[in-house]
file final.tsv (TSV, C-alpha atoms (C1' of nucleotides))
chain	number	residue	atom	x	y	z
X	155	MET	CA	107.30	82.12	94.52
X	156	THR	CA	104.17	80.06	94.13
X	157	GLU	CA	100.69	81.48	94.30
X	158	THR	CA	100.12	79.45	97.42
X	159	ALA	CA	103.12	80.95	99.15
X	160	ARG	CA	102.14	84.46	98.09
X	161	ARG	CA	98.83	84.02	99.83
X	162	ALA	CA	100.13	82.37	102.98
X	163	ILE	CA	99.38	83.72	106.42
X	164	PRO	CA	101.80	83.80	109.35
X	165	THR	CA	102.06	80.91	111.77
X	166	ARG	CA	101.15	81.47	115.40
X	167	GLU	CA	104.81	81.89	116.25
X	168	GLU	CA	105.49	84.31	113.40
X	169	LEU	CA	102.49	86.35	114.46
X	170	ARG	CA	103.68	86.43	118.03
X	171	ILE	CA	107.07	87.73	116.91
X	172	TRP	CA	105.44	90.32	114.65
X	173	ARG	CA	103.16	91.65	117.36
X	174	ASN	CA	105.94	91.79	119.90
X	175	TYR	CA	108.13	93.60	117.44
X	176	ILE	CA	105.62	96.20	116.38
X	177	GLU	CA	104.35	96.88	119.89
X	178	THR	CA	107.79	97.08	121.43
X	179	THR	CA	108.98	99.48	118.80
X	180	GLU	CA	105.91	101.62	119.29
X	181	THR	CA	106.41	101.68	123.04
X	182	LEU	CA	110.05	102.61	122.64
X	183	ARG	CA	109.12	105.40	120.27
X	184	ALA	CA	106.53	106.72	122.70
X	185	VAL	CA	108.93	106.67	125.64
X	186	LEU	CA	111.57	108.56	123.68
X	187	GLU	CA	109.01	111.07	122.50
X	188	GLY	CA	107.86	111.68	126.04
X	189	ARG	CA	111.40	112.25	127.26
X	190	LEU	CA	112.19	114.61	124.42
X	191	GLN	CA	109.03	116.54	125.21
X	192	SER	CA	109.86	116.94	128.86
X	193	GLU	CA	113.50	117.73	128.21
X	194	SER	CA	113.02	120.35	125.53
X	195	SER	CA	109.30	120.94	124.91
X	196	LEU	CA	109.79	119.59	121.41
X	197	SER	CA	107.81	116.84	119.72
X	198	SER	CA	109.73	114.41	117.57
X	199	ALA	CA	108.21	116.14	114.55
X	200	ASP	CA	109.62	119.46	115.74
X	201	TYR	CA	112.95	117.78	116.36
X	202	ARG	CA	113.06	116.34	112.90
X	203	VAL	CA	112.40	119.69	111.28
X	204	LEU	CA	114.96	121.47	113.45
X	205	LEU	CA	117.54	118.74	112.86
X	206	ALA	CA	117.25	119.20	109.12
X	207	LEU	CA	117.44	122.99	109.41
X	208	SER	CA	120.39	122.83	111.79
X	209	GLU	CA	122.37	120.93	109.18
X	210	ALA	CA	121.44	123.29	106.37
X	211	ASP	CA	123.39	126.24	105.08
X	212	ARG	CA	122.41	129.35	107.08
X	213	SER	CA	119.84	127.19	108.91
X	214	THR	CA	117.56	127.72	105.96
X	215	LEU	CA	115.86	125.40	103.49
X	216	ARG	CA	113.24	125.79	100.85
X	217	SER	CA	109.99	124.27	102.03
X	218	SER	CA	109.96	121.73	99.22
X	219	GLU	CA	113.56	120.70	99.92
X	220	LEU	CA	112.76	120.28	103.57
X	221	ALA	CA	109.74	118.11	102.77
X	222	GLU	CA	111.88	115.98	100.49
X	223	LEU	CA	114.68	115.69	103.05
X	224	ILE	CA	112.54	114.42	105.86
X	225	GLY	CA	110.10	112.54	103.68
X	226	TRP	CA	106.93	114.42	104.56
X	227	GLN	CA	104.00	115.37	102.40
X	228	ARG	CA	103.77	119.06	101.59
X	229	SER	CA	100.56	119.52	103.46
X	230	ARG	CA	101.84	117.92	106.62
X	231	LEU	CA	104.88	120.16	106.53
X	232	SER	CA	102.79	123.22	105.88
X	233	HIS	CA	100.54	122.52	108.85
X	234	HIS	CA	103.46	121.78	111.08
X	235	LEU	CA	105.45	124.84	110.05
X	236	ARG	CA	102.44	127.03	110.79
X	237	ARG	CA	102.31	125.66	114.32
X	238	MET	CA	106.07	125.92	114.78
X	239	GLU	CA	106.07	129.46	113.46
X	240	LYS	CA	103.35	130.38	115.92
X	241	ARG	CA	105.62	129.12	118.69
X	242	GLY	CA	108.53	131.10	117.30
X	243	LEU	CA	110.70	128.12	116.38
X	244	VAL	CA	110.96	128.84	112.67
X	245	HIS	CA	110.31	131.71	110.30
X	246	ARG	CA	108.95	131.57	106.78
X	247	ALA	CA	109.66	134.07	104.02
X	248	PRO	CA	109.33	134.09	100.23
X	249	CYS	CA	112.43	132.68	98.61
X	250	PRO	CA	114.37	135.25	96.56
X	251	ASP	CA	115.73	132.65	94.08
X	252	ASP	CA	112.52	130.80	93.34
X	253	VAL	CA	109.34	132.74	92.74
X	254	HIS	CA	107.12	129.94	94.01
X	255	GLY	CA	109.35	128.84	96.86
X	256	ILE	CA	109.25	129.61	100.56
X	257	ASP	CA	112.39	129.78	102.70
X	258	VAL	CA	112.13	128.17	106.11
X	259	ARG	CA	114.66	129.45	108.61
X	260	MET	CA	115.35	128.28	112.13
X	261	THR	CA	115.01	131.16	114.60
X	262	ALA	CA	117.32	131.76	117.56
X	263	LEU	CA	114.67	130.25	119.80
X	264	GLY	CA	114.42	127.24	117.52
X	265	ALA	CA	118.19	126.79	117.57
X	266	GLU	CA	118.26	127.11	121.34
X	267	SER	CA	115.46	124.57	121.78
X	268	PHE	CA	117.16	122.16	119.44
X	269	ARG	CA	120.49	122.60	121.20
X	270	ARG	CA	118.84	121.99	124.53
X	271	GLY	CA	117.02	118.87	123.35
X	272	SER	CA	119.63	117.29	121.15
X	273	VAL	CA	122.18	115.86	123.57
X	274	PRO	CA	119.64	114.55	126.08
X	275	HIS	CA	117.78	112.95	123.21
X	276	LEU	CA	120.91	111.23	121.96
X	277	ARG	CA	121.60	110.04	125.48
X	278	ASP	CA	118.09	108.66	125.64
X	279	VAL	CA	118.58	106.78	122.40
X	280	HIS	CA	121.79	105.38	123.77
X	281	GLU	CA	120.25	104.41	127.07
X	282	LEU	CA	117.04	102.87	125.75
X	283	PHE	CA	118.21	101.36	122.50
X	284	VAL	CA	121.96	100.95	122.23
X	285	GLU	CA	122.49	99.81	125.80
X	286	ALA	CA	119.65	97.30	125.56
X	287	LEU	CA	121.51	95.36	122.91
X	288	THR	CA	124.84	93.61	122.48
X	289	ALA	CA	127.07	94.67	119.61
X	290	GLU	CA	126.10	91.42	117.95
X	291	GLN	CA	122.40	92.15	118.30
X	292	LEU	CA	122.84	95.66	116.99
X	293	ALA	CA	124.47	94.27	113.86
X	294	ARG	CA	121.48	91.91	113.47
X	295	VAL	CA	119.10	94.84	113.76
X	296	ASP	CA	120.96	96.52	110.95
X	297	GLU	CA	120.76	93.39	108.81
X	298	PHE	CA	117.11	92.81	109.29
X	299	THR	CA	116.26	96.48	108.79
X	300	THR	CA	118.12	96.37	105.52
X	301	ALA	CA	116.24	93.23	104.50
X	302	LEU	CA	112.93	94.92	105.27
X	303	ARG	CA	113.90	98.04	103.35
X	304	ARG	CA	114.82	96.00	100.30
X	305	HIS	CA	111.59	94.12	100.51
X	306	LEU	CA	109.63	97.37	100.71
X	307	HIS	CA	111.63	98.74	97.77
X	308	LEU	CA	113.07	101.56	99.84
X	309	GLU	CA	116.56	102.65	98.96
X	310	PRO	CA	118.99	101.13	101.50
R	53	MET	CA	127.43	100.77	134.85
R	54	THR	CA	129.61	103.86	135.27
R	55	GLU	CA	128.28	107.37	135.27
R	56	THR	CA	130.23	108.02	132.10
R	57	ALA	CA	128.60	105.12	130.30
R	58	ARG	CA	125.15	106.15	131.49
R	59	ARG	CA	125.60	109.50	129.85
R	60	ALA	CA	127.11	108.27	126.63
R	61	ILE	CA	125.67	109.16	123.26
R	62	PRO	CA	125.48	106.84	120.25
R	63	THR	CA	128.28	106.63	117.74
R	64	ARG	CA	127.63	107.69	114.17
R	65	GLU	CA	127.12	104.06	113.22
R	66	GLU	CA	124.79	103.31	116.10
R	67	LEU	CA	122.76	106.36	115.24
R	68	ARG	CA	122.53	105.29	111.61
R	69	ILE	CA	121.24	101.89	112.66
R	70	TRP	CA	118.76	103.45	115.07
R	71	ARG	CA	117.36	105.85	112.49
R	72	ASN	CA	117.09	103.17	109.86
R	73	TYR	CA	115.35	100.91	112.31
R	74	ILE	CA	112.80	103.42	113.53
R	75	GLU	CA	112.05	104.82	110.08
R	76	THR	CA	111.75	101.45	108.42
R	77	THR	CA	109.41	100.20	111.11
R	78	GLU	CA	107.30	103.31	110.77
R	79	THR	CA	107.12	102.91	107.01
R	80	LEU	CA	106.15	99.26	107.32
R	81	ARG	CA	103.45	100.16	109.82
R	82	ALA	CA	102.08	102.83	107.51
R	83	VAL	CA	102.02	100.52	104.49
R	84	LEU	CA	100.16	97.85	106.43
R	85	GLU	CA	97.73	100.39	107.78
R	86	GLY	CA	97.02	101.67	104.30
R	87	ARG	CA	96.36	98.19	102.97
R	88	LEU	CA	94.07	97.32	105.87
R	89	GLN	CA	92.17	100.53	105.24
R	90	SER	CA	91.65	99.84	101.57
R	91	GLU	CA	90.83	96.19	102.13
R	92	SER	CA	88.30	96.61	104.91
R	93	SER	CA	87.80	100.33	105.66
R	94	LEU	CA	89.24	99.70	109.11
R	95	SER	CA	92.05	101.57	110.78
R	96	SER	CA	94.53	99.54	112.79
R	97	ALA	CA	92.90	100.96	115.92
R	98	ASP	CA	89.51	99.66	114.77
R	99	TYR	CA	91.14	96.34	113.98
R	100	ARG	CA	92.66	96.06	117.41
R	101	VAL	CA	89.36	96.70	119.14
R	102	LEU	CA	87.49	94.26	116.93
R	103	LEU	CA	90.19	91.61	117.34
R	104	ALA	CA	89.83	91.78	121.11
R	105	LEU	CA	86.04	91.65	120.91
R	106	SER	CA	86.08	88.78	118.42
R	107	GLU	CA	88.01	86.67	120.91
R	108	ALA	CA	85.74	87.56	123.82
R	109	ASP	CA	82.78	85.60	125.10
R	110	ARG	CA	79.64	86.71	123.22
R	111	SER	CA	81.81	89.32	121.44
R	112	THR	CA	81.39	91.49	124.49
R	113	LEU	CA	83.80	93.07	126.95
R	114	ARG	CA	83.51	95.58	129.69
R	115	SER	CA	85.05	98.86	128.61
R	116	SER	CA	87.67	98.75	131.34
R	117	GLU	CA	88.64	95.15	130.48
R	118	LEU	CA	88.97	96.09	126.84
R	119	ALA	CA	91.19	99.03	127.69
R	120	GLU	CA	93.35	96.78	129.85
R	121	LEU	CA	93.54	94.06	127.18
R	122	ILE	CA	94.77	96.29	124.40
R	123	GLY	CA	96.75	98.64	126.62
R	124	TRP	CA	94.90	101.86	125.90
R	125	GLN	CA	94.04	104.70	128.20
R	126	ARG	CA	90.37	104.99	129.10
R	127	SER	CA	89.90	108.26	127.38
R	128	ARG	CA	91.41	107.07	124.15
R	129	LEU	CA	89.13	104.07	124.17
R	130	SER	CA	86.11	106.18	124.97
R	131	HIS	CA	86.79	108.54	122.08
R	132	HIS	CA	87.43	105.68	119.71
R	133	LEU	CA	84.36	103.72	120.74
R	134	ARG	CA	82.21	106.77	120.15
R	135	ARG	CA	83.52	107.00	116.60
R	136	MET	CA	83.16	103.27	116.03
R	137	GLU	CA	79.66	103.27	117.45
R	138	LYS	CA	78.70	106.10	115.09
R	139	ARG	CA	79.86	103.91	112.22
R	140	GLY	CA	77.87	100.99	113.56
R	141	LEU	CA	80.83	98.73	114.32
R	142	VAL	CA	80.20	98.34	118.04
R	143	HIS	CA	77.41	98.96	120.51
R	144	ARG	CA	77.66	100.21	124.08
R	145	ALA	CA	75.21	99.42	126.88
R	146	PRO	CA	75.30	99.61	130.67
R	147	CYS	CA	76.71	96.42	132.15
R	148	PRO	CA	74.15	94.45	134.19
R	149	ASP	CA	76.79	92.98	136.55
R	150	ASP	CA	78.70	96.11	137.36
R	151	VAL	CA	76.83	99.27	138.13
R	152	HIS	CA	79.60	101.52	136.86
R	153	GLY	CA	80.63	99.39	133.92
R	154	ILE	CA	79.78	99.63	130.23
R	155	ASP	CA	79.50	96.57	127.99
R	156	VAL	CA	81.01	96.93	124.55
R	157	ARG	CA	79.65	94.52	121.98
R	158	MET	CA	80.71	93.94	118.41
R	159	THR	CA	77.77	94.42	116.03
R	160	ALA	CA	77.05	92.23	113.02
R	161	LEU	CA	78.54	94.93	110.83
R	162	GLY	CA	81.63	95.02	113.03
R	163	ALA	CA	82.01	91.27	112.83
R	164	GLU	CA	81.59	91.34	109.07
R	165	SER	CA	84.16	94.11	108.66
R	166	PHE	CA	86.61	92.28	110.87
R	167	ARG	CA	86.07	89.03	109.00
R	168	ARG	CA	86.62	90.80	105.71
R	169	GLY	CA	89.78	92.51	106.89
R	170	SER	CA	91.39	89.82	108.93
R	171	VAL	CA	92.72	87.33	106.41
R	172	PRO	CA	93.98	89.92	103.95
R	173	HIS	CA	95.71	91.68	106.84
R	174	LEU	CA	97.42	88.48	107.94
R	175	ARG	CA	98.48	87.90	104.36
R	176	ASP	CA	99.90	91.40	104.25
R	177	VAL	CA	101.88	90.76	107.44
R	178	HIS	CA	103.19	87.59	105.90
R	179	GLU	CA	104.07	89.22	102.62
R	180	LEU	CA	105.69	92.36	103.99
R	181	PHE	CA	107.31	91.07	107.16
R	182	VAL	CA	107.69	87.31	107.29
R	183	GLU	CA	108.69	86.89	103.66
R	184	ALA	CA	111.24	89.66	103.92
R	185	LEU	CA	113.24	87.66	106.43
R	186	THR	CA	114.95	84.32	106.72
R	187	ALA	CA	113.97	82.01	109.58
R	188	GLU	CA	117.28	82.89	111.16
R	189	GLN	CA	116.58	86.60	110.93
R	190	LEU	CA	113.11	86.16	112.36
R	191	ALA	CA	114.59	84.42	115.39
R	192	ARG	CA	116.99	87.34	115.82
R	193	VAL	CA	114.11	89.78	115.69
R	194	ASP	CA	112.47	87.86	118.49
R	195	GLU	CA	115.69	87.97	120.50
R	196	PHE	CA	116.36	91.64	120.21
R	197	THR	CA	112.72	92.52	120.73
R	198	THR	CA	112.83	90.58	123.96
R	199	ALA	CA	116.02	92.37	124.96
R	200	LEU	CA	114.39	95.73	124.29
R	201	ARG	CA	111.30	94.75	126.28
R	202	ARG	CA	113.38	93.70	129.26
R	203	HIS	CA	115.31	96.92	129.09
R	204	LEU	CA	112.07	98.90	129.06
R	205	HIS	CA	110.78	96.81	131.96
R	206	LEU	CA	107.88	95.47	129.94
R	207	GLU	CA	106.78	91.96	130.73
R	208	PRO	CA	108.21	89.59	128.09
T	74	DG	C1'	70.70	111.71	156.10
T	75	DG	C1'	74.10	114.84	154.22
T	76	DA	C1'	79.13	115.24	153.09
T	77	DT	C1'	82.61	112.82	150.94
T	78	DA	C1'	85.24	109.62	148.49
T	79	DA	C1'	85.98	106.29	144.80
T	80	DG	C1'	85.26	103.62	140.62
T	81	DG	C1'	84.08	103.90	135.81
T	82	DA	C1'	83.51	106.36	132.01
T	83	DT	C1'	82.93	110.73	129.23
T	84	DT	C1'	84.04	115.34	127.67
T	85	DG	C1'	86.57	119.48	125.83
T	86	DA	C1'	90.50	121.57	124.28
T	87	DC	C1'	94.24	121.04	121.74
T	88	DG	C1'	98.19	119.22	118.77
T	89	DT	C1'	98.72	116.17	115.07
T	90	DG	C1'	98.26	113.84	110.23
T	91	DT	C1'	95.65	112.83	105.78
T	92	DC	C1'	93.13	113.82	101.78
T	93	DA	C1'	91.18	116.64	98.52
T	94	DA	C1'	90.40	121.23	97.07
T	95	DT	C1'	92.23	125.71	96.44
T	96	DC	C1'	95.21	129.65	95.84
T	97	DC	C1'	98.82	132.22	93.80
T	98	DT	C1'	102.11	133.46	90.43
T	99	DG	C1'	104.61	133.14	86.47
T	100	DT	C1'	104.88	130.94	81.69
T	101	DA	C1'	103.31	128.98	77.30
T	102	DA	C1'	99.70	128.85	73.54
T	103	DC	C1'	96.83	130.87	70.57
K	292	DG	C1'	95.96	139.85	75.79
K	293	DT	C1'	93.32	136.27	77.40
K	294	DT	C1'	93.28	131.43	78.36
K	295	DA	C1'	95.39	127.50	80.00
K	296	DC	C1'	98.42	125.27	82.94
K	297	DA	C1'	102.09	124.08	86.01
K	298	DG	C1'	104.85	124.43	90.24
K	299	DG	C1'	104.75	125.48	95.03
K	300	DA	C1'	102.41	126.03	98.93
K	301	DT	C1'	98.17	126.58	101.86
K	302	DT	C1'	93.57	125.50	103.54
K	303	DG	C1'	89.44	122.97	105.40
K	304	DA	C1'	87.35	119.06	106.94
K	305	DC	C1'	87.94	115.32	109.38
K	306	DA	C1'	90.07	111.22	112.15
K	307	DC	C1'	93.10	110.37	115.87
K	308	DG	C1'	95.46	110.65	120.71
K	309	DT	C1'	96.62	113.09	125.12
K	310	DC	C1'	95.79	115.57	129.15
K	311	DA	C1'	93.08	117.46	132.55
K	312	DA	C1'	88.53	118.24	134.13
K	313	DT	C1'	84.05	116.45	134.85
K	314	DC	C1'	80.06	113.51	135.52
K	315	DC	C1'	77.45	109.96	137.56
K	316	DT	C1'	76.48	106.38	140.65
K	317	DT	C1'	77.16	103.92	144.70
K	318	DA	C1'	79.66	103.16	149.24
K	319	DT	C1'	81.21	105.07	153.50
K	320	DC	C1'	81.45	107.89	157.41
K	321	DC	C1'	79.84	110.74	161.08
call {"tool": "encode", "arguments": {"input": "final.tsv", "output": "structure tokens"}}
result
Amino acid sequence: MTETARRAIPTREELRIWRNYIETTETLRAVLEGRLQSESSLSSADYRVLLALSEADRSTLRSSELAELIGWQRSRLSHHLRRMEKRGLVHRAPCPDDVHGIDVRMTALGAESFRRGSVPHLRDVHELFVEALTAEQLARVDEFTTALRRHLHLEP
Amino acid sequence: MTETARRAIPTREELRIWRNYIETTETLRAVLEGRLQSESSLSSADYRVLLALSEADRSTLRSSELAELIGWQRSRLSHHLRRMEKRGLVHRAPCPDDVHGIDVRMTALGAESFRRGSVPHLRDVHELFVEALTAEQLARVDEFTTALRRHLHLEP
DNA sequence: GGATAAGGATTGACGTGTCAATCCTGTAAC
DNA sequence: GTTACAGGATTGACACGTCAATCCTTATCC
């Protein structure tokens, strides 16, 4: 790639597509978040934590594993777990295996909230995303997402 | 559409595509935001405000027009303008035409920051988005974005 | 002319995320 | 044994966004 190309800027049309893309995705995300909130009183951050815990052995994960799994920074997770613990959704306790570690466990209330939110949320994803697109278009989304991930050096 | 279809949930594959899509977009957004920040000390919210003002007559807009233009709620704009004004990027003054209105004007510092950030930001969009895709793929992005917008009842 | 509404914007409280600094506890070095 | 340090997690300060409540100024109504 030439130096000139590396420093190019988008055409008007490319910029239009970019802005439409990023704004539409953001709107979609916000709508889904709002529905999840009203259906289960969970934010998407809560949901992500509970989803990971629900798939874990004994609904428990070490804090560092959890952070790794969902791709959060430690400090973000720590703040969020404090808030979730205050609401009774999770419980934290020192990990018996690892002296430094903390075990995060989903409480009964957390499990119940997740159960209550999960199916409606999946229905919302189906309604607002899957049903908006043809099978063909969905395959194109997958292709272009993969291309972006490669370009950003994220694992596929 | 049948009641059954309305209440369907995504298949495993559809869910994989959805999660990849939403996470990749979020990562891309975060990378661009980080670059903009380091290149010009502007957040993407700052950038959006300054972009709108830069295109306005005399770099000035009424607060309510600005909110309408960029699709923000009044209160969000008010909070953000307060922070931007504290940093010297914009200036607020009562609007002579409209008794209730407030004129928001980009300051020289705001204009300079925007000028400094704008081209590098467009280059970043080109590098991280446009260059990741073929022309064909870009056209498909436009198509499916439009489909999503229609489905969400947003104007195209 | 005093109550009332209505438009335009601000405020406060709160949940959230980031960054840098800190804390805590065991382990290695000397 | 004290000092250093390393892993794991927490904290504090701050920027951001949302929601509901409020403020302020003019217009209207009686």
call {"tool": "atom_distance", "arguments": {"input": "final.tsv", "atom1": "C1' of DG75 in chain T", "atom2": "C1' of DA312 in chain K"}}
result
25.0 Å
call {"tool": "closest_atom_pairs", "arguments": {"input": "final.tsv", "of": "chain T", "to": "chain R", "cutoff": "9 Å", "atoms": "all atoms listed in the file", "output": "tab-separated table"}}
result
residue	atom	partner	partner_atom	distance
T:DG80	C1'	R:His152	CA	7.1
T:DG81	C1'	R:His152	CA	5.2
T:DA82	C1'	R:Ser130	CA	7.5
T:DT83	C1'	R:Ser130	CA	7.0
call {"tool": "interface_residues", "arguments": {"input": "final.tsv", "of": "chain X", "to": "chain R", "cutoff": "6 Å", "atoms": "only C-alpha atoms", "output": "VMD selection string"}}
result
chain X and resid 161 to 164 171 175 276 to 277 280 286 296 299 302 305
call {"tool": "atom_distance", "arguments": {"input": "final.tsv", "atom1": "CA of Ser198 in chain X", "atom2": "CA of Gln89 in chain R"}}
result
25.6 Å
call {"tool": "interface_residues", "arguments": {"input": "final.tsv", "of": "chain K", "to": "chain X", "cutoff": "12 Å", "atoms": "all atoms listed in the file", "output": "list in words"}}
result
DA297, DG298, DG299, DA300, DT301, DT302, DG303, DG308 and DT309 of chain K
call {"tool": "write_last_selection", "arguments": {"input": "final.tsv", "atoms": "C-alpha atoms (C1' of nucleotides)", "output": "PDB file, in the frame of the given file"}}
result
ATOM      1  C1'  DA K 297     102.090 124.080  86.010  1.00  0.00           C
ATOM      2  C1'  DG K 298     104.850 124.430  90.240  1.00  0.00           C
ATOM      3  C1'  DG K 299     104.750 125.480  95.030  1.00  0.00           C
ATOM      4  C1'  DA K 300     102.410 126.030  98.930  1.00  0.00           C
ATOM      5  C1'  DT K 301      98.170 126.580 101.860  1.00  0.00           C
ATOM      6  C1'  DT K 302      93.570 125.500 103.540  1.00  0.00           C
ATOM      7  C1'  DG K 303      89.440 122.970 105.400  1.00  0.00           C
ATOM      8  C1'  DG K 308      95.460 110.650 120.710  1.00  0.00           C
ATOM      9  C1'  DT K 309      96.620 113.090 125.120  1.00  0.00           C
TER      10       DT K 309
END
call {"tool": "axis_aligned_box", "arguments": {"input": "final.tsv", "around": "range 209-217 of chain X", "padding_each_side": "8 Å", "output": "lines of an AutoDock Vina configuration file"}}
result
center_x = 116.7
center_y = 125.1
center_z = 105.0
size_x = 29.4
size_y = 24.4
size_z = 24.3
call {"tool": "atom_distance", "arguments": {"input": "final.tsv", "atom1": "C1' of DC92 in chain T", "atom2": "CA of Leu133 in chain R"}}
result
23.2 Å
call {"tool": "closest_residue", "arguments": {"input": "final.tsv", "among": "K:DC296, K:DC310, K:DC320, K:DA304", "to": "DC87 in chain T", "atoms": "all atoms listed in the file"}}
result
K:DC310
call {"tool": "residues_near_point", "arguments": {"input": "final.tsv", "point": "(88.1, 93.5, 126.0)", "cutoff": "12 Å", "atoms": "all atoms listed in the file", "output": "MDAnalysis selection string"}}
result
chainID R and resid 100:124 129 154:158
call {"tool": "write_last_selection", "arguments": {"input": "final.tsv", "atoms": "C-alpha atoms", "output": "PDB file, keeping the file's coordinate frame"}}
result
ATOM      1  CA  ARG R 100      92.660  96.060 117.410  1.00  0.00           C
ATOM      2  CA  VAL R 101      89.360  96.700 119.140  1.00  0.00           C
ATOM      3  CA  LEU R 102      87.490  94.260 116.930  1.00  0.00           C
ATOM      4  CA  LEU R 103      90.190  91.610 117.340  1.00  0.00           C
ATOM      5  CA  ALA R 104      89.830  91.780 121.110  1.00  0.00           C
ATOM      6  CA  LEU R 105      86.040  91.650 120.910  1.00  0.00           C
ATOM      7  CA  SER R 106      86.080  88.780 118.420  1.00  0.00           C
ATOM      8  CA  GLU R 107      88.010  86.670 120.910  1.00  0.00           C
ATOM      9  CA  ALA R 108      85.740  87.560 123.820  1.00  0.00           C
ATOM     10  CA  ASP R 109      82.780  85.600 125.100  1.00  0.00           C
ATOM     11  CA  ARG R 110      79.640  86.710 123.220  1.00  0.00           C
ATOM     12  CA  SER R 111      81.810  89.320 121.440  1.00  0.00           C
ATOM     13  CA  THR R 112      81.390  91.490 124.490  1.00  0.00           C
ATOM     14  CA  LEU R 113      83.800  93.070 126.950  1.00  0.00           C
ATOM     15  CA  ARG R 114      83.510  95.580 129.690  1.00  0.00           C
ATOM     16  CA  SER R 115      85.050  98.860 128.610  1.00  0.00           C
ATOM     17  CA  SER R 116      87.670  98.750 131.340  1.00  0.00           C
ATOM     18  CA  GLU R 117      88.640  95.150 130.480  1.00  0.00           C
ATOM     19  CA  LEU R 118      88.970  96.090 126.840  1.00  0.00           C
ATOM     20  CA  ALA R 119      91.190  99.030 127.690  1.00  0.00           C
ATOM     21  CA  GLU R 120      93.350  96.780 129.850  1.00  0.00           C
ATOM     22  CA  LEU R 121      93.540  94.060 127.180  1.00  0.00           C
ATOM     23  CA  ILE R 122      94.770  96.290 124.400  1.00  0.00           C
ATOM     24  CA  GLY R 123      96.750  98.640 126.620  1.00  0.00           C
ATOM     25  CA  TRP R 124      94.900 101.860 125.900  1.00  0.00           C
ATOM     26  CA  LEU R 129      89.130 104.070 124.170  1.00  0.00           C
ATOM     27  CA  ILE R 154      79.780  99.630 130.230  1.00  0.00           C
ATOM     28  CA  ASP R 155      79.500  96.570 127.990  1.00  0.00           C
ATOM     29  CA  VAL R 156      81.010  96.930 124.550  1.00  0.00           C
ATOM     30  CA  ARG R 157      79.650  94.520 121.980  1.00  0.00           C
ATOM     31  CA  MET R 158      80.710  93.940 118.410  1.00  0.00           C
TER      32      MET R 158
END
call {"tool": "residues_around", "arguments": {"input": "final.tsv", "residues": "DA78 in chain T", "least_positions_apart": "5", "cutoff": "12 Å", "atoms": "only C-alpha atoms (C1' of nucleotides)", "output": "MDAnalysis selection string"}}
result
chainID K and resid 317:320
call {"tool": "write_last_selection", "arguments": {"input": "final.tsv", "atoms": "C-alpha atoms (C1' of nucleotides)", "output": "PDB file, keeping the file's coordinate frame"}}
result
ATOM      1  C1'  DT K 317      77.160 103.920 144.700  1.00  0.00           C
ATOM      2  C1'  DA K 318      79.660 103.160 149.240  1.00  0.00           C
ATOM      3  C1'  DT K 319      81.210 105.070 153.500  1.00  0.00           C
ATOM      4  C1'  DC K 320      81.450 107.890 157.410  1.00  0.00           C
TER       5       DC K 320
END
